[in-house]
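S.K.: run30.txt is the file, holding compact mmCIF, C-alpha atoms:
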```txt
# COMPACT_ATOMS: atom_id res chain seq x y z
CA MET A 1 151.64 -5.04 -27.90
CA ASP A 2 149.36 -8.04 -27.58
CA GLU A 3 150.75 -11.05 -29.48
CA GLN A 4 147.39 -11.70 -31.13
CA ASP A 5 147.25 -8.10 -32.39
CA ARG A 6 150.81 -8.35 -33.68
CA THR A 7 149.97 -11.47 -35.66
CA ARG A 8 146.76 -9.93 -36.96
CA LEU A 9 148.55 -6.76 -38.12
CA THR A 10 151.59 -8.42 -39.68
CA ASP A 11 149.52 -11.06 -41.50
CA ALA A 12 147.12 -8.42 -42.86
CA VAL A 13 149.95 -6.21 -44.12
CA ARG A 14 151.75 -9.11 -45.79
CA GLU A 15 148.50 -10.14 -47.47
CA LEU A 16 148.13 -6.62 -48.90
CA THR A 17 151.67 -6.06 -50.16
CA PRO A 18 151.46 -8.10 -53.40
CA GLU A 19 148.49 -6.02 -54.54
CA LEU A 20 150.26 -2.80 -53.59
CA GLY A 21 153.21 -3.80 -55.77
CA ARG A 22 150.94 -4.71 -58.70
CA ARG A 23 149.10 -1.40 -58.44
CA ALA A 24 152.07 0.88 -57.83
CA GLU A 25 151.79 2.45 -61.28
CA GLU A 26 148.06 3.06 -60.77
CA ILE A 27 148.81 4.75 -57.43
CA GLU A 28 151.32 7.03 -59.15
CA VAL A 29 148.91 8.03 -61.90
CA ALA A 30 146.14 8.76 -59.37
CA ARG A 31 148.64 10.78 -57.27
CA GLU A 32 147.00 9.35 -54.16
CA LEU A 33 145.95 5.97 -52.79
CA PRO A 34 142.77 4.66 -54.44
CA ALA A 35 139.76 4.43 -52.12
CA ASP A 36 139.64 0.63 -52.10
CA LEU A 37 143.30 0.38 -51.10
CA LEU A 38 142.74 2.90 -48.32
CA ASP A 39 139.84 0.77 -47.12
CA GLY A 40 142.07 -2.28 -47.16
CA LEU A 41 144.82 -0.51 -45.20
CA ARG A 42 142.28 0.67 -42.62
CA ALA A 43 140.84 -2.81 -42.29
CA ALA A 44 144.35 -4.21 -41.86
CA GLY A 45 144.87 -1.88 -38.89
CA CYS A 46 147.61 0.23 -40.45
CA PHE A 47 146.18 3.54 -39.24
CA ARG A 48 145.56 2.26 -35.72
CA MET A 49 148.87 0.48 -35.19
CA PHE A 50 150.20 3.11 -32.75
CA VAL A 51 146.84 4.02 -31.18
CA PRO A 52 146.64 2.97 -27.49
CA ARG A 53 144.78 -0.26 -26.80
CA SER A 54 142.59 1.74 -24.41
CA HIS A 55 141.27 3.59 -27.48
CA GLY A 56 140.83 0.59 -29.77
CA GLY A 57 144.30 0.47 -31.31
CA TYR A 58 147.13 -2.06 -31.40
CA GLU A 59 149.69 0.04 -29.48
CA ALA A 60 152.42 -1.50 -31.61
CA ASP A 61 155.91 -1.84 -30.19
CA PRO A 62 158.67 0.01 -32.09
CA HIS A 63 160.06 -3.11 -33.79
CA THR A 64 156.66 -4.12 -35.18
CA GLY A 65 155.76 -0.59 -36.26
CA LEU A 66 159.06 -0.07 -38.09
CA ALA A 67 158.83 -3.49 -39.73
CA MET A 68 155.31 -2.76 -41.03
CA LEU A 69 156.27 0.64 -42.44
CA GLU A 70 159.29 -0.88 -44.15
CA GLU A 71 157.20 -3.73 -45.56
CA LEU A 72 154.67 -1.31 -47.04
CA ALA A 73 157.36 0.95 -48.54
CA ARG A 74 159.10 -2.12 -49.95
CA ALA A 75 155.90 -2.88 -51.87
CA ASP A 76 155.29 0.75 -52.86
CA GLY A 77 157.07 3.85 -51.61
CA SER A 78 154.03 6.12 -51.78
CA THR A 79 151.94 3.67 -49.76
CA GLY A 80 154.63 3.33 -47.11
CA TRP A 81 154.90 7.10 -46.83
CA THR A 82 151.15 7.68 -46.70
CA VAL A 83 150.58 5.03 -44.04
CA MET A 84 153.49 6.41 -42.02
CA ILE A 85 151.86 9.86 -41.93
CA GLY A 86 148.42 8.51 -41.02
CA ALA A 87 149.76 6.06 -38.44
CA GLU A 88 151.51 8.87 -36.57
CA THR A 89 148.18 10.56 -35.87
CA PRO A 90 147.94 9.50 -32.19
CA HIS A 91 151.37 10.98 -31.45
CA LEU A 92 150.15 14.36 -32.69
CA LEU A 93 146.75 14.18 -31.03
CA ALA A 94 148.39 13.21 -27.73
CA LEU A 95 149.76 16.76 -27.61
CA LEU A 96 146.19 17.99 -27.09
CA PRO A 97 144.46 18.00 -23.68
CA ARG A 98 143.51 14.46 -22.62
CA ASP A 99 139.75 15.04 -22.75
CA ARG A 100 140.06 16.24 -26.35
CA PHE A 101 142.21 13.21 -27.26
CA ASP A 102 139.54 10.92 -25.80
CA LYS A 103 136.76 12.65 -27.74
CA LEU A 104 138.61 12.38 -31.04
CA TYR A 105 138.92 8.61 -30.60
CA ALA A 106 135.44 8.09 -29.18
CA SER A 107 134.06 6.97 -32.56
CA GLY A 108 136.88 4.58 -33.41
CA PRO A 109 140.65 4.18 -33.70
CA ASP A 110 141.15 4.89 -37.42
CA VAL A 111 141.46 8.68 -37.19
CA VAL A 112 143.84 10.24 -39.73
CA VAL A 113 145.51 13.66 -39.45
CA ALA A 114 147.47 15.44 -42.19
CA GLY A 115 149.11 18.84 -42.22
CA GLY A 116 152.26 20.92 -42.17
CA PHE A 117 155.11 21.18 -39.66
CA ALA A 118 156.53 24.46 -40.97
CA PRO A 119 154.99 27.58 -39.36
CA GLN A 120 153.38 28.78 -42.58
CA GLY A 121 150.24 30.22 -40.98
CA ARG A 122 149.22 32.95 -38.58
CA ALA A 123 146.98 32.38 -35.58
CA GLU A 124 145.53 35.65 -34.33
CA LEU A 125 144.43 35.67 -30.70
CA ALA A 126 140.64 35.61 -30.43
CA ASP A 127 138.12 35.01 -27.65
CA GLY A 128 138.49 31.33 -26.70
CA GLY A 129 140.98 30.49 -29.41
CA PHE A 130 142.55 31.73 -32.64
CA GLN A 131 141.54 33.07 -36.03
CA VAL A 132 143.75 31.15 -38.43
CA THR A 133 144.98 31.96 -41.93
CA GLY A 134 147.72 30.11 -43.74
CA ARG A 135 148.88 27.76 -46.46
CA TRP A 136 150.91 24.65 -45.79
CA ALA A 137 152.75 22.63 -48.42
CA PHE A 138 153.45 18.88 -48.41
CA ALA A 139 150.32 17.81 -46.50
CA SER A 140 150.57 14.11 -47.33
CA GLY A 141 147.28 12.22 -47.35
CA SER A 142 145.29 15.44 -47.04
CA ARG A 143 142.42 14.25 -49.26
CA HIS A 144 141.55 11.30 -47.03
CA ALA A 145 142.41 12.91 -43.67
CA ASP A 146 139.74 13.50 -41.03
CA TRP A 147 141.59 16.44 -39.48
CA ILE A 148 144.17 18.93 -40.75
CA PHE A 149 146.78 20.67 -38.62
CA GLY A 150 149.02 23.60 -39.39
CA ASN A 151 151.86 25.15 -37.44
CA CYS A 152 151.38 28.89 -36.96
CA VAL A 153 153.05 32.02 -35.69
CA LEU A 154 150.89 33.45 -32.90
CA THR A 155 149.88 37.06 -33.42
CA GLY A 156 148.09 39.76 -31.43
CA ASP A 157 146.66 42.75 -33.24
CA GLY A 158 148.38 41.41 -36.33
CA GLN A 159 151.86 41.39 -34.80
CA PRO A 160 153.91 38.27 -33.99
CA LEU A 161 154.06 37.51 -30.27
CA PRO A 162 157.50 36.95 -28.73
CA GLY A 163 158.19 33.37 -27.78
CA PRO A 164 159.29 31.96 -24.43
CA ASN A 165 162.94 31.52 -23.40
CA GLY A 166 164.22 34.15 -25.78
CA GLN A 167 162.64 32.67 -28.91
CA PRO A 168 161.84 35.34 -31.50
CA VAL A 169 158.20 34.32 -32.02
CA GLU A 170 155.69 32.00 -30.37
CA ILE A 171 154.60 28.99 -32.41
CA ARG A 172 151.37 27.01 -32.01
CA SER A 173 149.77 24.23 -34.05
CA VAL A 174 146.06 24.34 -34.77
CA LEU A 175 143.81 21.39 -35.58
CA LEU A 176 140.68 21.74 -37.70
CA PRO A 177 138.14 19.34 -39.24
CA ALA A 178 139.07 18.51 -42.82
CA GLY A 179 135.78 19.98 -44.03
CA SER A 180 136.79 23.48 -42.92
CA VAL A 181 140.11 23.38 -44.81
CA THR A 182 140.71 23.73 -48.55
CA VAL A 183 142.97 21.16 -50.22
CA GLN A 184 144.58 22.64 -53.33
CA ASP A 185 145.82 20.21 -55.98
CA THR A 186 149.52 21.03 -56.16
CA TRP A 187 151.24 17.63 -55.94
CA HIS A 188 153.08 17.27 -59.27
CA THR A 189 156.52 15.90 -58.45
CA LEU A 190 159.47 13.75 -59.43
CA GLY A 191 158.66 10.92 -57.03
CA LEU A 192 156.43 9.75 -54.18
CA ARG A 193 153.69 10.83 -56.55
CA GLY A 194 151.02 8.70 -54.92
CA THR A 195 151.18 10.41 -51.52
CA GLY A 196 148.69 13.19 -52.33
CA SER A 197 150.93 15.73 -50.58
CA HIS A 198 148.92 18.74 -51.67
CA ASP A 199 148.81 22.24 -50.18
CA VAL A 200 146.18 22.92 -47.52
CA LEU A 201 144.65 26.35 -46.95
CA MET A 202 142.92 27.88 -43.93
CA GLU A 203 141.31 31.26 -44.52
CA SER A 204 140.26 33.11 -41.37
CA VAL A 205 138.99 29.93 -39.70
CA PHE A 206 138.35 29.86 -35.95
CA CYS A 207 140.19 27.23 -33.92
CA PRO A 208 139.25 26.78 -30.24
CA VAL A 209 142.20 26.80 -27.87
CA GLU A 210 141.59 23.17 -26.83
CA GLN A 211 142.31 22.15 -30.44
CA SER A 212 145.77 23.69 -30.44
CA PHE A 213 149.08 22.24 -29.28
CA ASP A 214 152.82 22.79 -29.11
CA LEU A 215 154.31 20.55 -31.78
CA PHE A 216 157.95 20.80 -30.74
CA THR A 217 157.93 21.05 -26.94
CA GLY A 218 154.48 19.78 -25.97
CA ILE A 219 154.09 17.05 -23.35
CA PRO A 220 151.98 14.07 -24.52
CA CYS A 221 148.81 13.51 -22.49
CA VAL A 222 148.99 9.75 -23.06
CA PRO A 223 151.30 7.73 -20.80
CA GLY A 224 153.63 5.02 -22.01
CA PRO A 225 156.97 4.74 -23.82
CA GLY A 226 155.32 4.83 -27.23
CA PHE A 227 154.42 8.49 -26.71
CA VAL A 228 157.75 9.71 -25.37
CA ALA A 229 159.68 11.97 -27.82
CA PRO A 230 157.15 11.72 -30.68
CA LEU A 231 159.23 13.73 -33.14
CA ALA A 232 162.22 11.45 -32.60
CA GLN A 233 159.96 8.50 -33.31
CA PHE A 234 158.78 10.18 -36.51
CA VAL A 235 162.40 10.38 -37.68
CA LEU A 236 162.83 6.65 -37.12
CA HIS A 237 159.61 5.99 -39.04
CA LEU A 238 161.01 7.99 -41.95
CA GLY A 239 164.14 5.86 -41.80
CA ALA A 240 162.05 2.69 -42.08
CA VAL A 241 160.37 4.02 -45.22
CA ALA A 242 163.72 4.89 -46.80
CA VAL A 243 165.00 1.39 -46.06
CA GLY A 244 161.83 -0.11 -47.53
CA ILE A 245 162.22 1.81 -50.79
CA ALA A 246 165.84 0.70 -51.10
CA GLN A 247 165.01 -2.93 -50.29
CA GLY A 248 162.30 -2.85 -52.93
CA ALA A 249 164.82 -1.65 -55.51
CA LEU A 250 167.16 -4.52 -54.59
CA ASP A 251 164.28 -6.98 -54.90
CA ASP A 252 163.35 -5.63 -58.33
CA THR A 253 166.96 -5.74 -59.54
CA VAL A 254 167.57 -9.32 -58.43
CA ALA A 255 164.34 -10.38 -60.13
CA LEU A 256 165.42 -8.60 -63.31
CA LEU A 257 168.88 -10.17 -63.34
CA ASP A 258 167.51 -13.65 -62.72
CA GLY A 259 166.38 -13.45 -66.33
CA GLY A 260 170.01 -13.36 -67.51
CA ARG A 261 169.97 -9.68 -68.45
CA GLN A 262 173.03 -8.64 -70.47
CA ARG A 263 173.96 -5.01 -71.15
CA LEU A 264 174.57 -3.97 -74.75
CA TYR A 265 178.19 -4.55 -75.78
CA ALA A 266 178.89 -6.52 -72.58
CA ARG A 267 180.69 -9.87 -72.80
CA GLN A 268 178.70 -11.51 -70.04
CA SER A 269 175.42 -11.16 -68.23
CA LEU A 270 175.31 -8.56 -65.48
CA ALA A 271 174.66 -11.29 -62.90
CA ASP A 272 177.95 -12.93 -63.92
CA SER A 273 179.95 -9.71 -63.75
CA PRO A 274 182.36 -9.74 -60.76
CA ALA A 275 182.42 -5.93 -60.72
CA PHE A 276 178.64 -5.70 -60.50
CA ARG A 277 178.46 -8.40 -57.85
CA VAL A 278 180.72 -6.20 -55.70
CA GLN A 279 178.40 -3.23 -56.22
CA LEU A 280 175.27 -5.25 -55.48
CA GLY A 281 176.85 -6.88 -52.43
CA ARG A 282 177.84 -3.49 -51.05
CA ALA A 283 174.35 -2.10 -51.68
CA ASP A 284 172.70 -5.00 -49.87
CA LEU A 285 174.95 -4.66 -46.82
CA ASN A 286 174.41 -0.90 -46.71
CA VAL A 287 170.65 -1.38 -46.64
CA ARG A 288 171.03 -3.99 -43.90
CA ALA A 289 173.22 -1.58 -41.91
CA ALA A 290 170.66 1.21 -42.32
CA ARG A 291 167.89 -1.08 -41.09
CA ALA A 292 169.99 -2.19 -38.12
CA LEU A 293 170.75 1.41 -37.13
CA VAL A 294 167.10 2.47 -37.24
CA ARG A 295 165.99 -0.50 -35.17
CA SER A 296 168.87 -0.16 -32.71
CA LEU A 297 168.06 3.50 -32.05
CA ALA A 298 164.38 2.63 -31.68
CA HIS A 299 165.32 -0.03 -29.14
CA ASP A 300 167.49 2.42 -27.20
CA LEU A 301 164.75 5.07 -27.22
CA SER A 302 162.16 2.57 -26.05
CA ARG A 303 164.43 1.34 -23.26
CA ALA A 304 165.13 4.91 -22.08
CA ALA A 305 161.41 5.73 -22.19
CA ASP A 306 160.52 2.51 -20.31
CA ALA A 307 163.00 3.49 -17.62
CA GLU A 308 161.45 6.96 -17.43
CA ASN A 309 164.90 8.43 -17.94
CA PRO A 310 164.51 11.86 -19.62
CA ALA A 311 168.27 12.45 -19.64
CA ALA A 312 168.83 9.26 -21.63
CA VAL A 313 166.04 10.23 -24.05
CA ASP A 314 167.58 13.67 -24.54
CA ALA A 315 171.01 12.14 -25.15
CA LEU A 316 169.54 10.04 -27.98
CA ARG A 317 167.89 12.94 -29.81
CA PRO A 318 171.03 14.15 -31.68
CA GLN A 319 171.85 10.58 -32.75
CA ILE A 320 168.31 9.94 -33.95
CA SER A 321 168.17 13.26 -35.80
CA ALA A 322 171.52 12.48 -37.46
CA SER A 323 170.51 8.94 -38.37
CA LEU A 324 168.03 9.94 -41.08
CA PRO A 325 170.43 11.79 -43.42
CA TRP A 326 172.87 8.87 -43.16
CA VAL A 327 170.16 6.26 -43.74
CA THR A 328 168.83 8.30 -46.67
CA GLU A 329 172.33 8.63 -48.12
CA VAL A 330 173.06 4.90 -48.11
CA ALA A 331 169.54 4.01 -49.25
CA THR A 332 169.86 6.42 -52.16
CA ALA A 333 173.25 4.96 -53.11
CA ALA A 334 171.77 1.46 -53.10
CA VAL A 335 168.87 2.52 -55.33
CA ASP A 336 171.29 4.32 -57.67
CA THR A 337 173.25 1.07 -58.06
CA CYS A 338 170.05 -0.72 -59.02
CA TYR A 339 169.03 2.02 -61.43
CA ARG A 340 172.37 1.92 -63.26
CA ALA A 341 172.11 -1.86 -63.52
CA GLY A 342 168.75 -1.50 -65.23
CA GLY A 343 170.27 0.15 -68.29
CA GLY A 344 168.00 1.82 -70.81
CA GLY A 345 164.98 -0.11 -69.60
CA ALA A 346 165.18 1.56 -66.19
CA ALA A 347 164.65 4.93 -67.85
CA ARG A 348 161.11 3.95 -68.86
CA ASP A 349 158.20 5.13 -66.72
CA SER A 350 156.95 1.55 -66.58
CA SER A 351 160.11 0.38 -64.78
CA PRO A 352 159.64 -0.30 -61.07
CA VAL A 353 163.33 0.50 -60.53
CA GLN A 354 162.82 3.92 -62.11
CA ARG A 355 159.96 4.54 -59.69
CA ARG A 356 162.17 3.56 -56.74
CA PHE A 357 164.86 5.89 -58.08
CA ARG A 358 162.44 8.82 -58.27
CA ASP A 359 160.89 8.01 -54.90
CA ILE A 360 164.16 7.89 -52.96
CA HIS A 361 165.52 11.05 -54.58
CA THR A 362 162.30 12.87 -53.70
CA PHE A 363 162.51 11.45 -50.18
CA ALA A 364 166.07 12.82 -49.91
CA GLN A 365 164.74 16.37 -50.31
CA HIS A 366 162.84 16.18 -47.02
CA ALA A 367 164.02 18.69 -44.42
CA ALA A 368 164.54 15.95 -41.83
CA ALA A 369 167.02 14.24 -44.18
CA ALA A 370 169.21 17.35 -44.61
CA GLU A 371 172.93 16.79 -44.09
CA GLY A 372 173.11 19.47 -41.39
CA TRP A 373 171.53 17.13 -38.83
CA LEU A 374 174.76 15.11 -38.87
CA GLY A 375 176.53 18.10 -37.32
CA ASN A 376 174.33 17.92 -34.26
CA ASN A 377 175.56 14.43 -33.54
CA GLY A 378 179.12 15.65 -33.97
CA ALA A 379 178.45 18.51 -31.56
CA HIS A 380 176.98 16.07 -29.06
CA LEU A 381 180.03 13.82 -29.27
CA LEU A 382 182.28 16.83 -28.66
CA GLY A 383 180.23 18.01 -25.71
CA ARG A 384 179.20 21.17 -27.56
CA PRO A 385 175.69 22.64 -27.54
CA VAL A 386 173.23 20.99 -29.90
CA GLU A 387 171.23 23.67 -31.67
CA LEU A 388 168.23 21.54 -32.64
CA ALA A 389 167.34 17.89 -32.43
CA TYR A 390 164.01 16.08 -32.69
```
Could you quickly redo this structure as structure tokens?

M.R.:
Amino acid sequence: MDEQDRTRLTDAVRELTPELGRRAEEIEVARELPADLLDGLRAAGCFRMFVPRSHGGYEADPHTGLAMLEELARADGSTGWTVMIGAETPHLLALLPRDRFDKLYASGPDVVVAGGFAPQGRAELADGGFQVTGRWAFASGSRHADWIFGNCVLTGDGQPLPGPNGQPVEIRSVLLPAGSVTVQDTWHTLGLRGTGSHDVLMESVFCPVEQSFDLFTGIPCVPGPGFVAPLAQFVLHLGAVAVGIAQGALDDTVALLDGGRQRLYARQSLADSPAFRVQLGRADLNVRAARALVRSLAHDLSRAADAENPAAVDALRPQISASLPWVTEVATAAVDTCYRAGGGGAARDSSPVQRRFRDIHTFAQHAAAAEGWLGNNGAHLLGRPVELAY
């Protein structure tokens, strides 16, 4: 990443974060990012941070990208999540043929894709492409996206087609202009309310074959370490957002306790309580450890990709997949400590700590944060087959 671009991006994000924090409640109520904030994030370069420099982007290195996602989530969890999804657009589009990738970025670097990873659609073979019908949940940022993708089961004459290498069915992702997809307002949730993660519907829409890709085993058409193992990189991005939410809760709690807050019936202020200092100290170190793990794995992945060492990349996949449930676990514990410290006031909707609490517990429900991923790392350590890893 060019040093001038790094400075430009980091300065722009840091200039935005105070406003994001002030408007966090507004973002929640709107259940999506307001248009002016989206404009500000685009202008700051948030949606082009991972786009190749050859296509007008910043081609951010892993450390800078993770730091920016954490910074945004620290200010507001929904903003961090939404930017993360939009910023990962080039990784998805790189799974298309190169000429299609080039065309999609011909008009500028700030292209945004939203959609669904689960194969909740059907793509019927048709002349030159597929006839697609499906409904995908959790399509974050779908209202402001330029393109929508959905993972599908391939069918012929209405029947699922067998997949390669003994897989039961063949899976393919399809990419369609946002205008040909229906966004259904379904995002009413405990937390991360401002991400606009609505359902998206495709009803017998034609998708040309050149706008389809293999999400899980596709080979990126764009060279460079930043495009190696895109799904593993997505997991690390998620980790940065979890760390940002937890760090924000710590920030809010320290600011609250600076005012000498004293719990009802307590003999001393919470800040003077030795027991609470232990809890807060542990929470802070856990968040630091989570951040260090995410950045260390990103460094290792980047080094393996730079060396063009596929075996080393593959060896990291189980560790990276397992890192997110652990990071989420310790981030959630840190936020819970902050929430308990807030007493009755933290139960109010107006409390920023309550929002962090709801955001991280909603985050923890994500499939990529499921505890089962830890078992893959254990299997890898024991030299046993790893069933699935990003």

S.K.: Write out as a PyMOL selection string each polymer residue whose atoms come within 10 Å of A:Glu25, counting all atoms listed in the file; drop sequence neighbours fewer than 6 positions from it.

M.R.: chain A and resi 31+76+193-194+349-352+355

S.K.: Got a sec: who's within 6 Å of stretch 60-75 of chain A, counting only C-alpha atoms, leaving out chain neighbours fewer than 5 positions off, as a list of chain:residue names?

M.R.: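 In the requested form, the answer reads A:Met1, A:Thr17, A:Leu20, A:Gly21, A:Met49, A:Phe50, A:Gly80, A:Ala240, A:Val241, A:Gly244, A:Ile245, A:Gln247, A:Gly248.
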
S.K.: Just how far from atom CA of A:Ile320 is atom CA of A:Thr332, in Å to one decimal?

M.R.: 18.6 Å

S.K.: Would you please work out which residue, of A:Ala145, A:Val243, A:Leu38, A:Leu270, is nearest to A:Gly179 when using only C-alpha atoms?

M.R.: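 Smallest distance to A:Gly179 is found for A:Ala145.
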
S.K.: Kindly give the distance, in Å, that separates atom CA of A:Val111 and atom CA of A:Asp306, rounded to a single decimal.

M.R.: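 Result for atom CA of A:Val111 versus atom CA of A:Asp306: 26.2 Å, one decimal.
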
S.K.: For atom CA of A:Arg135 and atom CA of A:Val174, quote the distance in Å rounded to one decimal.

M.R.: 12.5 Å

S.K.: Between A:Arg172, A:Arg122, A:Arg340, A:Arg14, which is the closest to A:Phe276 once you count all atoms listed in the file?

M.R.: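 Of A:Arg172, A:Arg122, A:Arg340, A:Arg14, the one nearest A:Phe276, counting all atoms listed in the file, is A:Arg340.
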
S.K.: Got a sec: who's within 9 Å of A:Ala370, counting all atoms listed in the file, leaving out chain neighbours fewer than 3 positions off, as number ranges by chain?

M.R.: A: 322, 324-325, 364-367, 373-374

S.K.: Under the rule that all atoms listed in the file are counted, which of A:Pro310, A:Gly40, A:Gly86, A:Gly56 is the nearest residue to A:Glu19?

M.R.: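 Once distances to A:Glu19 are computed over all atoms listed in the file, the minimum belongs to A:Gly40.
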
S.K.: Looking at all atoms listed in the file, which of A:Pro318, A:Glu308, A:Ala331, A:Phe149 is the one that sits closest to A:Leu382?

M.R.: A:Pro318

S.K.: For the point (151.2, 25.6, -35.2) in file coordinates, what residues are within 7 Å, counting all atoms listed in the file? Give the answer as a list in words?

M.R.: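 Looking at atoms near the point gives Pro119, Gly150, Asn151, Cys152, Val153, Ile171, Arg172, Ser173, Val174, Asp214 and Leu215 of chain A.
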
S.K.: So, counting all atoms listed in the file, which residue among A:Ala341, A:Arg53, A:Leu154, A:Gly372 is closest to A:Glu387?

M.R.: A:Gly372
